[in-house]
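**Q** This is the structure, below, for whatever I ask next.
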Amino acid sequence: MESNKLFAETPPFKLFLRAALPGAIAMLASMLYDTADGILVGRYLGQDSFGAVTIAIPLVILCFAVADLIGVGASAVIAVEHGKKNHQTANNIFTIAFIMLVTTGVISGIFFFFCAPNVLALMGAQGKVAEQGTIYLRVWTLFLPVMCISYAVDNFLKICGKIRRSTSIAFISAILGTVLEYYFLGVLGLSVEYAALGYCISITFSSLYGIWPFIGNKQILKFVKPHFNWTQIKEIFVNGFPIFMQNISSRIYSLLMNAALLSLGGDIAIASYGVLLYSGGLIQPLIYGQADAMQPAIGYNWGAKKKDRVLAIEKYIFSTGIIIGIFAFCVSFFFSEFLVKLYLPEGTQELLNMAIPAMRIHAFIFIFSWITMCTESLAIALKQTKISNLLSIFMALIFPISSLLILRPFGLDALWYVSVVSNILSALLSVGCLIHIYRKHFKGVNSDGVDGADAVSDDTQEEDSQLTEAELTEAELAASELSSPEEHVDPESISRAQ
């Protein structure tokens with residue numbers, strides 16, 4: 001099987017290059033498309049339409065947050081079951097996940113199609129903003145059942161060893177969406193509903209492109225007659241809860257932060273904060289993307305009891321995270337003026353005097369944020385539910401809001417330190433979680449020489465084909481029987497993560 005060889009036999013460094021780097025670049029492509037979407041709407045449709053899209057998008061993200069919960073939760077469970085050779089269980093979870101994703105899209109689509117005007121009114125939208133926001137949101141609802149699948153299909157493809165196809169999904173969506181949206185708005189001069197249509201067509205097409213390899217049940221993961229096991233469904237939700245919590249918590253924190261900035265610094269403070277968010281939005285996906293792309297490989301080797309390979313792979317993930325973090329800090333700190341003017345070329349001197357120092361303060365988050373993202377991704381892949389949920393709640397909600405409440409009385413300048421303090425606290429908590437994971441599951445495990453051993457293994461395999469897959473399975477079973485109880489994964493203790 002292609003994914004068996006990829007995850008179990010490929011040397012860790014080669015596996016990392018093949019899976020993680022494309023995953024990070026694909027994540028960056030998606031973020032660049034989001035940036036282009038905002039620029040196109042603002043430039044060709046004007047302020048009212050831009051406001052309508054801005055107020056409607058959080059509702060769309062809310063729908064996708066549930067789909068993301070299902071996709072991430074199911075993928076981690078499937079990867080581990082696949083590593084344990086429980087293929088029937090993995091296929092059942094795979095099938096159930098698809099049904100849940102489509103059902104989520106149908107229910108949320110019906111709700112927001114009919115309730116869009118009332119929901120937007122509750123959010124404070126009025127006049128043209130409310131009218132165009134309703135139109136924009138309703139176009140999205142028509143495509144939700146298919147688009148929700150996009151939040152899981154890339155990981156399903158990775159589990160099957162289809163790394164290139166998984167990576168290409170993000171590029172197809174970004175390129176097709178940008179071209180369509182520019183054609184609709186810039187060339188034809190159409191209205192806001194076509195901004196949504198361009199986005200929806202691109203995601204729908206990429207979703208169908210991702211689903212296609214599974215048609216005909218020719219992959220490792222196959223559609224089967226579903227058996228709705230509530231224990232498995234619960235595990236999916238528990239494992240995906242950290243991602244859902246992050247999506248919801250970030251919205252709550254953004255509302256509170258915007259209110260504080262508006263009251264202390266007015267529109268200029270909001271504009272400055274927007275620059276910080278956009279700059280971070282281009283860096284954080286690189287860190288998260290490379291860690292997320294390796295989750296199927298980590299989960300497979302964890303389920304197969306190959307802890308030395310798990311450690312070897314994680315060394316590359318964490319090393320890459322710190323390199324990206326230091327690079328991002330240097331760029332944000334030493335080129336802060338360039339970055340501010342890149343986003344706000346016509347900004348007033350007052351705005352520049354506020355945004356540039358804020359950017360330099362904000363740069364310090366990159367030194368610490370990689371630790372939390374990589375740790376949370378590891379906990380998810382290992383199905384360490386309690387740890388991943390703990391990190392998610394504290395990182396996305398408790399630390400940011402607590403820092404905001406403590407620093408707000410000290411004035412506007414103190415607000416720029418909120419993210420820095422929050423990320424430092426999250427990093428300290430992550431280090432504690434890493435120590436706990438290592439002592440409990442990896443103490444005494446040696447990852448040194450894994451690359452060399454795997455390389456020799458590959459050469460030996462070509463020369464000696466007498467060891468069959470059945471014999472390998474018997475050898476693994478014999479080894480597991482001789483291993484100590486600590487070497488086995490306790491199903492209750494690994495209920496799941498982000």
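Going through the structure tokens in order, the chains are called A, B, and so on, while each chain numbers its residues from 1 and the ligands are numbered from 1 in the order shown.
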With 9 Å as the cut-off and only C-alpha atoms counted, what is the closest atom pair between each nearby residue of range 270-377 of chain A and range 157-161 of chain A? Distances in Å to one decimal, ordered by chain and number, as a tab-separated table.
**A**
```
residue	atom	partner	partner_atom	distance
A:Ala293	CA	A:Lys158	CA	7.8
A:Met294	CA	A:Lys158	CA	8.7
A:Pro296	CA	A:Ile159	CA	5.5
A:Ala297	CA	A:Ile159	CA	7.5
A:Tyr300	CA	A:Ile159	CA	8.4
```
**Q** Please compute the CA of Ala269 in chain A-CA of Ser332 in chain A distance, one decimal, in Å.
**A**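 According to the coordinates, CA of Ala269 in chain A and CA of Ser332 in chain A are separated by 18.2 Å.
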**Q** Rounded to one decimal, what separation in Å do you get between CA of Cys200 in chain A and CA of Glu131 in chain A?
**A**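 Between these atoms lies a distance of 19.5 Å.
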**Q** Report as a tab-separated table the residues of range 31-94 of chain A within 9 Å of range 179-196 of chain A, each with its shortest atom pair and distance in Å (one decimal), using only C-alpha atoms, ordered by chain and increasing residue number.
**A**
```
residue	atom	partner	partner_atom	distance
A:Asp37	CA	A:Glu181	CA	7.6
A:Leu40	CA	A:Tyr182	CA	6.8
A:Val41	CA	A:Ala195	CA	7.1
A:Arg43	CA	A:Gly186	CA	8.8
A:Tyr44	CA	A:Leu185	CA	6.2
A:Leu45	CA	A:Ser191	CA	7.0
A:Ser49	CA	A:Val192	CA	6.4
A:Phe50	CA	A:Val192	CA	8.8
A:Ala52	CA	A:Val192	CA	8.7
A:Val53	CA	A:Val192	CA	8.2
```
**Q** Pick from A:Ala174, A:Cys330, A:Val421, A:Ala130: nearest to Ala363 in chain A, with only C-alpha atoms counted?
**A** A:Cys330
**Q** Pick out the closest residue to Ile298 in chain A from this set: A:Ile380, A:Ala24, A:Ala427, A:Leu142. Count only C-alpha atoms.
**A** A:Ile380
**Q** Can I get the residues of range 262-369 of chain A within 9 Å of range 390-413 of chain A, each with the closest pair of atoms and their distance in Å to one decimal, using only C-alpha atoms, sorted chain first then ascending number, as a tab-separated table?
**A**
```
residue	atom	partner	partner_atom	distance
A:Leu264	CA	A:Leu412	CA	5.7
A:Gly265	CA	A:Leu412	CA	6.5
A:Ala269	CA	A:Leu412	CA	8.4
A:Met354	CA	A:Asp413	CA	8.8
A:Ala358	CA	A:Asp413	CA	8.0
```
**Q** Those residues you just picked out, can you put them in a file as a PDB file, in the first residue's frame with N, CA and C atoms?
**A**
```pdb
ATOM      1  N   LEU A 264     -10.066  53.364  22.930  1.00  0.00           N
ATOM      2  CA  LEU A 264      -8.836  54.035  23.368  1.00  0.00           C
ATOM      3  C   LEU A 264      -8.089  54.736  22.238  1.00  0.00           C
ATOM      4  N   GLY A 265      -8.245  54.236  20.997  1.00  0.00           N
ATOM      5  CA  GLY A 265      -7.465  54.807  19.903  1.00  0.00           C
ATOM      6  C   GLY A 265      -8.240  55.164  18.660  1.00  0.00           C
ATOM      7  N   ALA A 269      -6.374  53.156  15.492  1.00  0.00           N
ATOM      8  CA  ALA A 269      -5.947  51.962  16.229  1.00  0.00           C
ATOM      9  C   ALA A 269      -6.465  50.692  15.559  1.00  0.00           C
ATOM     10  N   MET A 354       1.766  55.235  15.038  1.00  0.00           N
ATOM     11  CA  MET A 354       1.155  54.237  15.918  1.00  0.00           C
ATOM     12  C   MET A 354       1.440  52.817  15.430  1.00  0.00           C
ATOM     13  N   ALA A 358       3.854  49.481  17.030  1.00  0.00           N
ATOM     14  CA  ALA A 358       3.004  48.331  17.347  1.00  0.00           C
ATOM     15  C   ALA A 358       3.479  47.083  16.608  1.00  0.00           C
TER      16      ALA A 358
END
```
**Q** Mind pulling up the distance from CA of Leu277 in chain A to CA of Gly325 in chain A?
**A**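 Interatomic distance, CA of Gly325 in chain A to CA of Leu277 in chain A: 15.7 Å.
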**Q** Range 61-70 of chain A: which residues within 7 Å, counting only C-alpha atoms, same-chain residues fewer than 6 positions away excluded, as number ranges by chain?
**A** A: 97, 101, 104, 108, 148, 151, 236-237, 240-241, 243-244, 247
**Q** Write to file, as a PDB file, in the first residue's frame, the residues of the selection just made, with C-alpha atoms.
**A**
```pdb
ATOM      1  CA  ALA A  97     -17.278  11.666   8.575  1.00  0.00           C
ATOM      2  CA  LEU A 101     -19.848  16.871   6.715  1.00  0.00           C
ATOM      3  CA  THR A 104     -23.603  19.910   8.480  1.00  0.00           C
ATOM      4  CA  SER A 108     -26.337  25.253   8.227  1.00  0.00           C
ATOM      5  CA  CYS A 148     -17.761  21.555   3.894  1.00  0.00           C
ATOM      6  CA  TYR A 151     -12.136  20.775   5.322  1.00  0.00           C
ATOM      7  CA  ILE A 236     -14.471  12.591  16.398  1.00  0.00           C
ATOM      8  CA  PHE A 237     -16.061  15.536  18.189  1.00  0.00           C
ATOM      9  CA  GLY A 240     -11.873  18.111  16.737  1.00  0.00           C
ATOM     10  CA  PHE A 241     -13.028  20.271  19.630  1.00  0.00           C
ATOM     11  CA  ILE A 243      -9.962  23.471  16.405  1.00  0.00           C
ATOM     12  CA  PHE A 244     -13.600  24.432  16.900  1.00  0.00           C
ATOM     13  CA  ASN A 247     -12.276  29.323  15.718  1.00  0.00           C
TER      14      ASN A 247
END
```
**Q** Just list the residues in range 162-191 of chain A DSSP gives alpha helix (DSSP H) on the backbone, as an MDAnalysis selection string.
**A** chainID A and resid 163:182
**Q** The selected residues should be written to file as a PDB file, in the first residue's frame (atoms: C-alpha atoms).
**A**
```pdb
ATOM      1  CA  ILE A 163       0.361  14.141  -0.977  1.00  0.00           C
ATOM      2  CA  ARG A 164       0.579  15.961  -4.305  1.00  0.00           C
ATOM      3  CA  ARG A 165      -3.143  15.874  -4.922  1.00  0.00           C
ATOM      4  CA  SER A 166      -3.804  17.065  -1.368  1.00  0.00           C
ATOM      5  CA  THR A 167      -1.400  19.974  -1.798  1.00  0.00           C
ATOM      6  CA  SER A 168      -2.786  20.930  -5.197  1.00  0.00           C
ATOM      7  CA  ILE A 169      -6.288  21.451  -3.767  1.00  0.00           C
ATOM      8  CA  ALA A 170      -5.307  24.723  -2.082  1.00  0.00           C
ATOM      9  CA  PHE A 171      -3.534  25.998  -5.199  1.00  0.00           C
ATOM     10  CA  ILE A 172      -6.475  25.156  -7.458  1.00  0.00           C
ATOM     11  CA  SER A 173      -8.864  26.920  -5.106  1.00  0.00           C
ATOM     12  CA  ALA A 174      -6.650  30.011  -4.761  1.00  0.00           C
ATOM     13  CA  ILE A 175      -5.846  30.428  -8.459  1.00  0.00           C
ATOM     14  CA  LEU A 176      -9.327  29.631  -9.774  1.00  0.00           C
ATOM     15  CA  GLY A 177     -11.013  31.803  -7.138  1.00  0.00           C
ATOM     16  CA  THR A 178      -8.785  34.813  -7.788  1.00  0.00           C
ATOM     17  CA  VAL A 179      -9.243  34.561 -11.565  1.00  0.00           C
ATOM     18  CA  LEU A 180     -13.029  34.167 -11.346  1.00  0.00           C
ATOM     19  CA  GLU A 181     -13.448  36.945  -8.817  1.00  0.00           C
ATOM     20  CA  TYR A 182     -11.309  39.341 -10.842  1.00  0.00           C
TER      21      TYR A 182
END
```
**Q** Considering only C-alpha atoms, can you say which of A:Ala90, A:Ile371, A:Ala355, A:Ala381 comes closest to Ile287 in chain A?
**A** A:Ile371
**Q** Can you pull out every residue within 8 Å of Ile317 in chain A, counting only C-alpha atoms, but drop anything in the same chain fewer than 6 positions away, and send it as a ChimeraX atom specification?
**A** /A:16,290-291,374
**Q** Emit the selected residues as a short mmCIF file (atom, residue, chain, number, x, y, z; two decimals), in the first residue's frame, including C-alpha atoms.
**A**
```cif
data_model
loop_
_atom_site.label_atom_id
_atom_site.label_comp_id
_atom_site.auth_asym_id
_atom_site.auth_seq_id
_atom_site.Cartn_x
_atom_site.Cartn_y
_atom_site.Cartn_z
CA PHE A 16 9.08 15.69 5.97
CA GLN A 290 3.86 22.11 8.03
CA ALA A 291 2.80 20.67 11.40
CA CYS A 374 3.64 22.48 17.01
#
```
**Q** Identify, on the basis of only C-alpha atoms, every residue whose closest approach to Glu350 in chain A does not exceed 12 Å; exclude the query and any residue fewer than 2 positions from it along the same chain; express the result as a CSV table (one decimal) with N, CA and C atoms, in the first residue's frame.
**A**
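Okay, part.csv is ready:
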```
chain,number,residue,atom,x,y,z
A,265,GLY,N,-8.2,54.2,21.0
A,265,GLY,CA,-7.5,54.8,19.9
A,265,GLY,C,-8.2,55.2,18.7
A,266,GLY,N,-9.5,54.8,18.6
A,266,GLY,CA,-10.3,55.2,17.5
A,266,GLY,C,-10.0,54.4,16.2
A,267,ASP,N,-10.4,54.9,15.0
A,267,ASP,CA,-10.2,54.2,13.8
A,267,ASP,C,-8.8,53.9,13.4
A,268,ILE,N,-7.9,54.8,13.9
A,268,ILE,CA,-6.5,54.6,13.6
A,268,ILE,C,-5.9,53.4,14.3
A,269,ALA,N,-6.4,53.2,15.5
A,269,ALA,CA,-5.9,52.0,16.2
A,269,ALA,C,-6.5,50.7,15.6
A,271,ALA,N,-7.1,50.3,12.3
A,271,ALA,CA,-6.3,50.2,11.1
A,271,ALA,C,-5.0,49.6,11.4
A,272,SER,N,-4.4,50.1,12.5
A,272,SER,CA,-3.0,49.5,12.9
A,272,SER,C,-3.1,48.1,13.3
A,346,GLU,N,-1.2,54.9,1.8
A,346,GLU,CA,-1.6,56.3,1.9
A,346,GLU,C,-1.9,56.6,3.4
A,347,GLY,N,-1.4,55.9,4.3
A,347,GLY,CA,-1.6,56.1,5.7
A,347,GLY,C,-1.1,57.5,6.2
A,348,THR,N,-1.8,58.1,7.1
A,348,THR,CA,-1.3,59.4,7.6
A,348,THR,C,-0.1,59.2,8.5
A,352,LEU,N,1.1,56.0,10.9
A,352,LEU,CA,2.4,55.4,10.9
A,352,LEU,C,3.1,55.4,12.2
A,353,ASN,N,2.9,56.6,13.0
A,353,ASN,CA,3.6,56.7,14.3
A,353,ASN,C,3.0,55.7,15.3
A,354,MET,N,1.8,55.2,15.0
A,354,MET,CA,1.2,54.2,15.9
A,354,MET,C,1.4,52.8,15.4
A,355,ALA,N,1.3,52.6,14.1
A,355,ALA,CA,1.4,51.2,13.6
A,355,ALA,C,2.8,50.7,13.6
A,356,ILE,N,3.8,51.5,13.3
A,356,ILE,CA,5.2,51.0,13.2
A,356,ILE,C,5.7,50.5,14.6
A,357,PRO,N,5.6,51.2,15.7
A,357,PRO,CA,6.0,50.7,17.0
A,357,PRO,C,5.1,49.5,17.4
```
